[in-house]
file final-v1.txt (compact mmCIF, C-alpha atoms)
# COMPACT_ATOMS: atom_id res chain seq x y z
CA MET I 1 -53.51 20.87 86.19
CA LYS I 2 -55.62 20.73 89.33
CA THR I 3 -52.54 19.98 91.48
CA GLN I 4 -50.73 23.01 90.12
CA THR I 5 -53.69 25.28 90.95
CA ASN I 6 -53.75 23.95 94.54
CA LYS I 7 -50.01 24.62 94.87
CA GLU I 8 -50.52 28.18 93.58
CA ASN I 9 -53.37 28.74 96.05
CA ALA I 10 -51.23 27.42 98.92
CA ALA I 11 -48.31 29.67 97.93
CA SER I 12 -50.64 32.66 97.60
CA GLY I 13 -52.16 31.93 101.02
CA LEU I 14 -48.73 31.59 102.61
CA PHE I 15 -47.62 34.87 101.05
CA SER I 16 -50.75 36.62 102.36
CA ALA I 17 -50.19 35.22 105.86
CA VAL I 18 -46.54 36.37 105.92
CA ALA I 19 -47.49 39.81 104.60
CA GLY I 20 -50.23 40.12 107.24
CA MET I 21 -47.82 39.17 110.03
CA LEU I 22 -45.26 41.69 108.77
CA VAL I 23 -47.85 44.49 108.77
CA ALA I 24 -48.98 43.53 112.28
CA PHE I 25 -45.37 43.52 113.50
CA LEU I 26 -44.72 46.98 112.04
CA LEU I 27 -47.90 48.33 113.65
CA LEU I 28 -46.75 46.98 117.01
CA LEU I 29 -43.40 48.77 116.66
CA SER I 30 -44.85 52.16 115.68
CA PRO I 31 -45.52 53.31 119.30
CA LEU I 32 -41.86 52.64 120.11
CA ALA I 33 -40.73 54.95 117.33
CA SER I 34 -43.01 57.75 118.53
CA ASN I 35 -41.39 57.67 121.99
CA ALA I 36 -37.87 57.95 120.61
CA GLN I 37 -35.20 60.00 122.34
CA ASN I 38 -35.29 63.75 121.77
CA TYR I 39 -31.95 65.11 120.60
CA ALA I 40 -32.96 68.77 120.46
CA GLY I 41 -33.50 71.62 122.88
CA SER I 42 -35.41 74.88 122.65
CA VAL I 43 -34.76 78.60 123.01
CA ARG I 44 -37.28 81.09 124.35
CA GLY I 45 -37.41 84.40 126.14
CA THR I 46 -39.08 87.74 126.70
CA VAL I 47 -38.23 91.08 125.09
CA THR I 48 -38.77 94.19 127.23
CA ASP I 49 -38.05 97.92 126.98
CA PRO I 50 -36.05 99.93 129.57
CA ALA I 51 -39.20 100.34 131.71
CA GLY I 52 -39.78 96.56 131.76
CA ALA I 53 -42.81 96.66 129.44
CA ALA I 54 -43.22 93.95 126.81
CA VAL I 55 -42.12 94.76 123.26
CA PRO I 56 -44.55 93.11 120.80
CA GLY I 57 -43.56 92.56 117.17
CA ALA I 58 -39.80 92.58 117.71
CA GLU I 59 -37.88 90.52 115.15
CA VAL I 60 -35.88 87.72 116.78
CA THR I 61 -33.22 85.82 114.81
CA LEU I 62 -31.54 82.63 115.99
CA ARG I 63 -28.26 81.88 114.17
CA ASP I 64 -26.38 78.59 114.51
CA VAL I 65 -22.73 79.60 114.88
CA GLY I 66 -21.48 76.26 113.51
CA THR I 67 -23.58 76.08 110.34
CA ASN I 68 -24.58 79.76 109.96
CA SER I 69 -28.23 78.71 109.44
CA THR I 70 -30.86 81.11 110.76
CA SER I 71 -34.43 80.97 112.05
CA HIS I 72 -36.71 83.97 112.47
CA THR I 73 -39.74 84.76 114.60
CA LYS I 74 -41.54 87.77 116.05
CA THR I 75 -42.50 88.43 119.65
CA THR I 76 -46.11 88.05 120.77
CA GLU I 77 -48.26 90.77 122.38
CA GLN I 78 -46.67 89.74 125.71
CA GLY I 79 -43.17 90.21 124.25
CA GLU I 80 -42.46 86.46 124.28
CA TYR I 81 -40.77 84.41 121.57
CA ALA I 82 -39.92 80.73 121.18
CA PHE I 83 -37.91 78.44 118.95
CA PRO I 84 -39.40 75.10 120.11
CA VAL I 85 -37.10 72.64 118.31
CA VAL I 86 -33.44 73.64 118.09
CA ASN I 87 -30.53 71.31 117.37
CA VAL I 88 -27.82 71.07 120.00
CA GLY I 89 -25.07 73.64 119.51
CA VAL I 90 -23.91 77.21 120.05
CA TYR I 91 -26.17 80.01 118.84
CA GLU I 92 -26.42 83.77 118.59
CA VAL I 93 -29.76 85.49 119.36
CA THR I 94 -30.42 88.89 117.74
CA VAL I 95 -33.41 91.12 118.59
CA LYS I 96 -34.36 94.17 116.50
CA HIS I 97 -37.26 96.58 116.88
CA GLY I 98 -37.90 100.13 115.66
CA SER I 99 -36.17 102.84 117.70
CA PHE I 100 -34.27 100.46 119.99
CA LYS I 101 -30.64 99.42 119.83
CA GLU I 102 -30.04 95.98 118.34
CA PHE I 103 -29.61 93.31 121.05
CA ILE I 104 -27.19 90.42 120.43
CA ALA I 105 -26.64 87.50 122.82
CA LYS I 106 -23.55 85.49 121.83
CA GLU I 107 -22.37 82.02 122.86
CA VAL I 108 -25.88 80.78 123.73
CA GLU I 109 -25.52 77.04 124.31
CA VAL I 110 -28.42 74.69 123.60
CA HIS I 111 -28.28 71.24 125.20
CA VAL I 112 -30.33 68.08 124.77
CA SER I 113 -33.92 68.30 126.10
CA THR I 114 -33.39 71.65 127.81
CA VAL I 115 -35.03 75.04 127.49
CA THR I 116 -32.48 77.84 127.11
CA GLU I 117 -33.92 81.19 128.13
CA VAL I 118 -32.55 84.38 126.60
CA ASN I 119 -34.36 87.50 127.82
CA ALA I 120 -33.60 90.76 126.02
CA LYS I 121 -33.89 94.20 127.61
CA LEU I 122 -33.80 96.64 124.72
CA GLU I 123 -32.27 100.10 125.16
CA LEU I 124 -33.44 103.28 123.47
CA GLY I 125 -31.23 104.46 120.65
CA SER I 126 -30.53 104.16 116.98
CA SER I 127 -31.15 100.76 115.40
CA SER I 128 -27.57 100.94 114.06
CA GLU I 129 -26.24 100.79 117.65
CA VAL I 130 -25.70 97.32 119.12
CA VAL I 131 -25.92 95.99 122.67
CA SER I 132 -23.92 92.76 122.82
CA VAL I 133 -24.31 90.28 125.69
CA GLU I 134 -22.20 87.20 126.31
CA ALA I 135 -24.32 84.30 127.56
CA SER I 136 -23.62 83.07 131.06
CA ASP I 137 -21.79 79.78 131.64
CA ILE I 138 -24.55 78.38 133.84
CA GLN I 139 -28.04 78.05 132.40
CA VAL I 140 -30.54 77.45 135.19
CA GLN I 141 -33.82 75.94 134.06
CA THR I 142 -36.64 77.49 136.07
CA THR I 143 -39.57 76.41 133.89
CA SER I 144 -39.77 72.71 134.81
CA ALA I 145 -38.45 70.15 137.26
CA GLU I 146 -36.83 67.99 134.59
CA VAL I 147 -33.29 66.88 135.30
CA GLY I 148 -30.84 66.37 132.48
CA ALA I 149 -27.19 66.71 131.67
CA VAL I 150 -24.81 66.34 128.77
CA ILE I 151 -22.11 63.73 129.25
CA GLU I 152 -19.09 64.72 127.18
CA GLY I 153 -16.95 62.21 125.29
CA THR I 154 -13.99 62.74 127.62
CA GLN I 155 -16.17 61.79 130.59
CA VAL I 156 -17.25 58.58 128.86
CA ARG I 157 -13.63 57.67 128.19
CA GLU I 158 -12.18 58.68 131.56
CA LEU I 159 -14.86 57.87 134.17
CA PRO I 160 -14.42 54.46 135.75
CA LEU I 161 -17.29 52.14 134.80
CA ASN I 162 -17.94 49.18 137.07
CA GLY I 163 -18.42 46.19 134.78
CA ARG I 164 -18.69 48.39 131.68
CA ASN I 165 -22.27 49.33 132.64
CA PHE I 166 -23.09 52.53 130.74
CA MET I 167 -25.90 53.35 133.22
CA ALA I 168 -23.17 54.17 135.75
CA LEU I 169 -22.62 57.38 133.77
CA THR I 170 -25.90 58.75 135.19
CA LEU I 171 -24.69 58.50 138.80
CA PRO I 172 -22.66 61.77 138.81
CA ILE I 173 -25.76 63.71 137.67
CA VAL I 174 -27.55 65.31 140.62
CA GLY I 175 -31.15 64.13 141.04
CA THR I 176 -30.81 60.93 139.00
CA SER I 177 -30.79 57.33 140.07
CA THR I 178 -30.66 53.97 138.39
CA LYS I 179 -33.60 51.64 138.77
CA THR I 180 -32.60 48.55 140.69
CA THR I 181 -34.69 45.55 141.62
CA PRO I 182 -34.41 44.32 145.22
CA THR I 183 -32.79 40.94 145.69
CA SER I 184 -34.60 38.42 147.80
call {"tool": "encode", "arguments": {"input": "final-v1.txt", "output": "structure tokens"}}
result
Amino acid sequence: MKTQTNKENAASGLFSAVAGMLVAFLLLLSPLASNAQNYAGSVRGTVTDPAGAAVPGAEVTLRDVGTNSTSHTKTTEQGEYAFPVVNVGVYEVTVKHGSFKEFIAKEVEVHVSTVTEVNAKLELGSSSEVVSVEASDIQVQTTSAEVGAVIEGTQVRELPLNGRNFMALTLPIVGTSTKTTPTS
């Protein structure tokens, strides 16, 4: 009877030790998960009237062209708006306010870890009138010095990779370099 109790205590102690090590291991991995890669971008901009003054309280709608899902926000007192976390894709930005024509920016592309800026200059007129703007092909990021690019699937398949090293895909991107250790 006493031998069986000792075996149960040993098994219970072993189970506790394994459970404690598992919890410690998971706690060690939690900082790695918080620094995970960001697969979203953001959209922001300023809404102004014909004189260049900010338009506060304008309703801004962001519509994903692929899924038809929408997000809504209003401009601040400075006429600024922001959609901080936006999935990668093609969007349409619509701005409406009182006695101004509706502003629509089509084909707004959002890329990974980039800020896409869509500024709207509203024109006076009936709210049933629409001013439609096609987004430009080149989005220049002027808000930070971050460098990033989207590598398309065709580039991955067609670019020559020396030794099948995927880090070689970063070399065509201006302003990037691979970290190498000097050989002695």
call {"tool": "closest_residue", "arguments": {"input": "final-v1.txt", "among": "I:Glu92, I:Glu107, I:Glu80, I:Glu102", "to": "Asn119 (chain I)", "atoms": "all atoms listed in the file"}}
result
I:Glu80
call {"tool": "atom_distance", "arguments": {"input": "final-v1.txt", "atom1": "CA of His111 (chain I)", "atom2": "CA of Val86 (chain I)"}}
result
9.1 Å
call {"tool": "residues_around", "arguments": {"input": "final-v1.txt", "residues": "Val93 (chain I)", "least_positions_apart": "3", "cutoff": "6 Å", "atoms": "only C-alpha atoms", "output": "ChimeraX atom specification"}}
result
/I:61-62,104-105
call {"tool": "write_last_selection", "arguments": {"input": "final-v1.txt", "atoms": "C-alpha atoms", "output": "CSV table (one decimal), keeping the file's coordinate frame"}}
result
chain,number,residue,atom,x,y,z
I,61,THR,CA,-33.2,85.8,114.8
I,62,LEU,CA,-31.5,82.6,116.0
I,104,ILE,CA,-27.2,90.4,120.4
I,105,ALA,CA,-26.6,87.5,122.8
call {"tool": "residues_near_point", "arguments": {"input": "final-v1.txt", "point": "(-37.9, 103.9, 117.0)", "cutoff": "12 Å", "atoms": "only C-alpha atoms", "output": "number ranges by chain"}}
result
I: 49, 55, 58, 96-102, 122-128
call {"tool": "atom_distance", "arguments": {"input": "final-v1.txt", "atom1": "CA of Glu59 (chain I)", "atom2": "CA of Gln78 (chain I)"}}
result
13.8 Å
call {"tool": "atom_distance", "arguments": {"input": "final-v1.txt", "atom1": "CA of Thr154 (chain I)", "atom2": "CA of Thr67 (chain I)"}}
result
23.8 Å
call {"tool": "residues_around", "arguments": {"input": "final-v1.txt", "residues": "Pro84 (chain I)", "least_positions_apart": "4", "cutoff": "8 Å", "atoms": "all atoms listed in the file", "output": "list in words"}}
result
Gly41, Ser42, Val43 and Arg44 of chain I
call {"tool": "closest_residue", "arguments": {"input": "final-v1.txt", "among": "I:Arg157, I:Lys106, I:Lys74, I:Arg63", "to": "Gly45 (chain I)", "atoms": "all atoms listed in the file"}}
result
I:Lys74
call {"tool": "closest_residue", "arguments": {"input": "final-v1.txt", "among": "I:Ala40, I:Phe103, I:Val118, I:Thr46", "to": "Gly89 (chain I)", "atoms": "all atoms listed in the file"}}
result
I:Ala40
